[in-house]
Every structure is written in structure tokens, then in C-alpha cells.
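Asks: Shown below is the structure under consideration.
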Amino acid sequence: ATLTLPTVGGANSLGGQKDILIGIVPTVTTQAVSGVGTITATANGNITNLGFPSPTQYGVVWSTSTNPTVALTTKTTQGTIGTAGPFTSDMTGLAKGTTYYVRAYATNSAGTVYGDEVTFTTLVPTITSATYDAQTGVLTLTCQNIATGETIAPAKITLTGEGGATYILTTDNVTASSSTSASITLNAADRNAVNIMLNKNGTSSTGGTTYNLAAADDWDTSVTSANSADAINSMT
């Protein structure tokens with residue numbers, strides 16, 4: 001914007017009309033986060049007014065604490081912008097099962113402004129079902145929100161079988177074979193114990209006990225800040 005001052009007479013006169021440029025901060029809003037995964041998400045913002053001069057930087061900033069600012073390193077920097085409108089920003093390097101606070105921002109020479117804060121929580125790995133092959137001693141977990149190569153800790157898994165008996169596995173850690181599955185080849189001790197408990201094909205034992213697999217927190221070792229315990233999972 002331009003402020004025009006009138007001519008003023010006298011010894012200390014401005015000497016005529018002077019134009020003074022006045023900066024105006026942009027206007028920005030923050031929309032709901034989309035595409036939330038375990039370690040990534042997409043932030044959505046909208047610069048509704050560029051202000052003056054146009055922004056030299058814009059993006060989003062996020063934190064596990066409220067009211068994040070551009071002083072943080074957890075932000076996107078999308079450079080200059082000459083047209084008002086919506087934008088998206090990819091947030092990466094997030095922690096699983098964690099709540100984040102996000103604000104869109106825009107900066108020009110008049111200052112930095114933020115949109116209202118929105119929150120989202122990243123996903124945690126879950127086990128949807130499990131199958132056990134008594135002939136091979138392989139326990140296969142069907143999962144959601146895991147990644148190929150992540151470390152799975154069998155020692156966090158408790159099986160329930162015949163007569164309501166429970167058994168905690170002692171087999172060494174394994175790696176997930178895909179984003180939906182992890183196979184655990186039981187050691188000799190585990191295999192002997194599990195074959196006694198899971199003594200009939202199907203979902204229940206000869207005595208009618210429903211099989212169950214319970215996973216304690218940190219069964220997927222990539223989850224460091226959230227509780228990933230998964231207590232009730234059907235087994236066959």
C-alpha cells in the first residue's frame with residue numbers, strides 16, 4: 001500500500017508529496033490434514049490474501065506441542081508465491097501413533113502469519129489376524145500399518161489355547177516380509193508348547209477354547225512413543 005503525505009510549508013517542510021510503502025501481512029488458513037499414515041501425512045493450507053509485498057516463503061510447520069512456529073526445523077519451505085490459493089505440503093519423518101499440531105504460514109517483509117492450528121494422529125501398526133501351521137511351526141501375522149523390514153518381537157506375543165492356557169513366545173526377533181505380513185518360525189521350545197495349546201484346526205481347541213493372539217506394546221519395535229498393544233486377535 002502507498003501512503004501519500006500532503007505538501008507542508010515551512011523550514012521543516014517535507015518539500016512536496018512523498019510516497020511511503022507500507023507492508024501488509026498475508027492472510028492464511030489451515031485445513032484438515034489428509035493422507036495420514038504411520039510416518040507421513042499431507043498438510044493443507046490456503047493463502048487467501050497475498051498481502052504486500054507477496055510472500056517470500058510459505059508452507060506448514062508442525063510439532064508435538066501446540067502453537068508451532070517457523071523457528072522449528074519441522075516445517076516445509078515452499079518459496080515465493082505470486083497467486084493466492086490453496087496448497088499442500090508433505091510432512092515426513094513423523095513418529096507412529098503420535099499427535100501433531102500443524103499450522104500453515106506465510107512470510108513477507110511485513111511479518112509471518114499463521115493459520116489456525118489443526119491436529120492429527122499418525123497410525124500405529126495393528127495385527128488383524130494370525131495363522132499357525134503346526135507342521136512347519138510357522139506363525140504368520142496379518143498386519144496393517146507396518147513396513148517391509150521392520151523388526152517384529154515375538155517375545156511380546158502371548159498365545160491362548162486349550163483350557164485357557166497362555167504362553168509367551170521366546171523366539172528371536174524377525175523382520176516383516178511385507179507391509180501386511182510377518183512370518184515367525186518358532187524355536188523348538190515355542191513349537192512344542194504351542195502345538196499342545198493349539199491342538200485342533202480352526203479357531204478353537206478340542207476343549208472349545210477360542211484361540212487368541214495378544215501383542216504387548218512394542219511388538220513392532222519401530223513404534224517408540226505410542227502404545228501399540230493389540231490384545232485380541234483371532235487365530236486359526
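Just so we're on the same page: first chain in the C-alpha cells is A, next is B, and so on; residues restart at 1 for each chain, and ligands are numbered from 1 in the order they show up.
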Can you pull out every residue within 9 Å of A:Thr170, counting only C-alpha atoms, but drop anything in the same chain fewer than 4 positions away, and send it as number ranges by chain?
Replies: A: 154-157, 186-187, 189-190
Asks: Between A:Gly97, A:Val60, A:Gly85, A:Leu198, which has the minimum distance to A:Thr73 (counting only C-alpha atoms)?
Replies: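 Comparing A:Gly97, A:Val60, A:Gly85, A:Leu198 against A:Thr73, the winner is A:Val60.
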Asks: Using only C-alpha atoms, which of A:Ala130, A:Leu169, A:Val61, A:Val102 sits nearest A:Val118?
Replies: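 For A:Val118, the nearest of the given residues is A:Val102.
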Asks: State, in Å with one decimal place, the distance from atom CA of A:Thr64 to atom CA of A:Asp218.
Replies: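 So the two atoms, atom CA of A:Thr64 and atom CA of A:Asp218, lie 20.4 Å apart.
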Asks: If DSSP is run on the backbone, what residues of stretch 48-160 of chain A are strand (DSSP E or B)? A reply as JSON, numbers by chain would be ideal.
Replies: {"A": [48, 49, 52, 57, 58, 59, 60, 61, 62, 63, 75, 85, 86, 87, 88, 89, 90, 91, 99, 100, 101, 102, 103, 104, 105, 106, 107, 108, 111, 112, 113, 114, 118, 119, 120, 121, 126, 127, 128, 129, 130, 131, 132, 133, 138, 139, 140, 141, 142, 143, 144, 151, 152, 157, 158, 159, 160]}
Asks: Within 10 Å of A:Thr80, counting only C-alpha atoms, which residues show up once you throw out same-chain ones fewer than 5 positions away? Write them as a PyMOL selection string, please.
Replies: chain A and resi 54-58+106-108
Asks: May I ask which of the residues A:Ile146, A:Leu139, A:Val70, A:Met235 is the closest one to A:Leu213, counting only C-alpha atoms?
Replies: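 When distances to A:Leu213 are compared using only C-alpha atoms, the smallest one comes from A:Met235.
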Asks: Counting only C-alpha atoms, which of A:Ser183, A:Thr131, A:Thr48, A:Thr30 gets nearest to A:Gly82?
Replies: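 Counting only C-alpha atoms, the residue closest to A:Gly82 is A:Thr48.
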Asks: Hey, what's within 6 Å of stretch 222-227 of chain A if we count only C-alpha atoms and toss same-chain stuff fewer than 2 positions away? As a VMD selection string, please?
Replies: chain A and resid 96 to 97 217 220 229
Asks: Got a sec: who's within 8 Å of A:Thr42, counting only C-alpha atoms, leaving out chain neighbours fewer than 2 positions off, as a list in words?
Replies: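 These residues fall inside the cut-off: Val33, Ser34, Gly35, Val36, Thr40, Asn44, Thr88, Ser89, Asp90 and Met91 of chain A.
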Asks: Out of stretch 45-225 of chain A, which residues get alpha helix (DSSP H) from DSSP, as a PDB file with N, CA and C atoms, in the first residue's frame?
Replies:
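selection-v3.pdb, written as the output of this step:
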ATOM      1  N   ALA A 188      12.323 -74.436  18.907  1.00  0.00           N
ATOM      2  CA  ALA A 188      11.845 -75.761  19.324  1.00  0.00           C
ATOM      3  C   ALA A 188      10.968 -75.696  20.566  1.00  0.00           C
ATOM      4  N   ALA A 189      11.374 -74.904  21.554  1.00  0.00           N
ATOM      5  CA  ALA A 189      10.602 -74.817  22.799  1.00  0.00           C
ATOM      6  C   ALA A 189       9.231 -74.216  22.541  1.00  0.00           C
ATOM      7  N   ASP A 190       9.202 -73.140  21.761  1.00  0.00           N
ATOM      8  CA  ASP A 190       7.916 -72.498  21.453  1.00  0.00           C
ATOM      9  C   ASP A 190       7.016 -73.452  20.669  1.00  0.00           C
ATOM     10  N   ARG A 191       7.611 -74.127  19.716  1.00  0.00           N
ATOM     11  CA  ARG A 191       6.806 -75.015  18.866  1.00  0.00           C
ATOM     12  C   ARG A 191       6.171 -76.135  19.684  1.00  0.00           C
ATOM     13  N   ASN A 192       6.938 -76.729  20.592  1.00  0.00           N
ATOM     14  CA  ASN A 192       6.394 -77.806  21.433  1.00  0.00           C
ATOM     15  C   ASN A 192       5.233 -77.309  22.285  1.00  0.00           C
ATOM     16  N   ALA A 193       5.398 -76.130  22.890  1.00  0.00           N
ATOM     17  CA  ALA A 193       4.355 -75.588  23.768  1.00  0.00           C
ATOM     18  C   ALA A 193       3.108 -75.199  22.972  1.00  0.00           C
ATOM     19  N   VAL A 194       3.316 -74.569  21.839  1.00  0.00           N
ATOM     20  CA  VAL A 194       2.181 -74.084  21.045  1.00  0.00           C
ATOM     21  C   VAL A 194       1.411 -75.243  20.434  1.00  0.00           C
ATOM     22  N   ASN A 195       2.094 -76.298  20.000  1.00  0.00           N
ATOM     23  CA  ASN A 195       1.392 -77.434  19.410  1.00  0.00           C
ATOM     24  C   ASN A 195       0.463 -78.117  20.404  1.00  0.00           C
ATOM     25  N   ILE A 196       0.805 -78.071  21.684  1.00  0.00           N
ATOM     26  CA  ILE A 196      -0.066 -78.642  22.711  1.00  0.00           C
ATOM     27  C   ILE A 196      -1.301 -77.752  22.905  1.00  0.00           C
ATOM     28  N   MET A 197      -1.103 -76.437  22.909  1.00  0.00           N
ATOM     29  CA  MET A 197      -2.202 -75.500  23.152  1.00  0.00           C
ATOM     30  C   MET A 197      -3.147 -75.373  21.964  1.00  0.00           C
TER      31      MET A 197
END
Asks: Find, counting only C-alpha atoms, the residue in A:Thr185, A:Ser129, A:Thr77, A:Asn67 that gets nearest to A:Tyr114.
Replies: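 Using only C-alpha atoms, the shortest distance to A:Tyr114 belongs to A:Asn67.
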Asks: Rank A:Thr203, A:Thr221, A:Asn145, A:Gln78 by their smallest atom-to-atom distance to A:Gly37, using only C-alpha atoms, and report the top residue only.
Replies: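 Closest to A:Gly37, using only C-alpha atoms: A:Asn145.
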Asks: Hey, what's within 9 Å of A:Gly161 if we count only C-alpha atoms and toss same-chain stuff fewer than 4 positions away? As a ChimeraX atom specification, please?
Replies: /A:165-167,194,196-199,204-205,209-212
Asks: Might you pull out every residue within 6 Å of A:Ser63, with only C-alpha atoms counted and same-chain residues fewer than 3 positions away left off, and present them as a ChimeraX atom specification?
Replies: /A:68,100-101
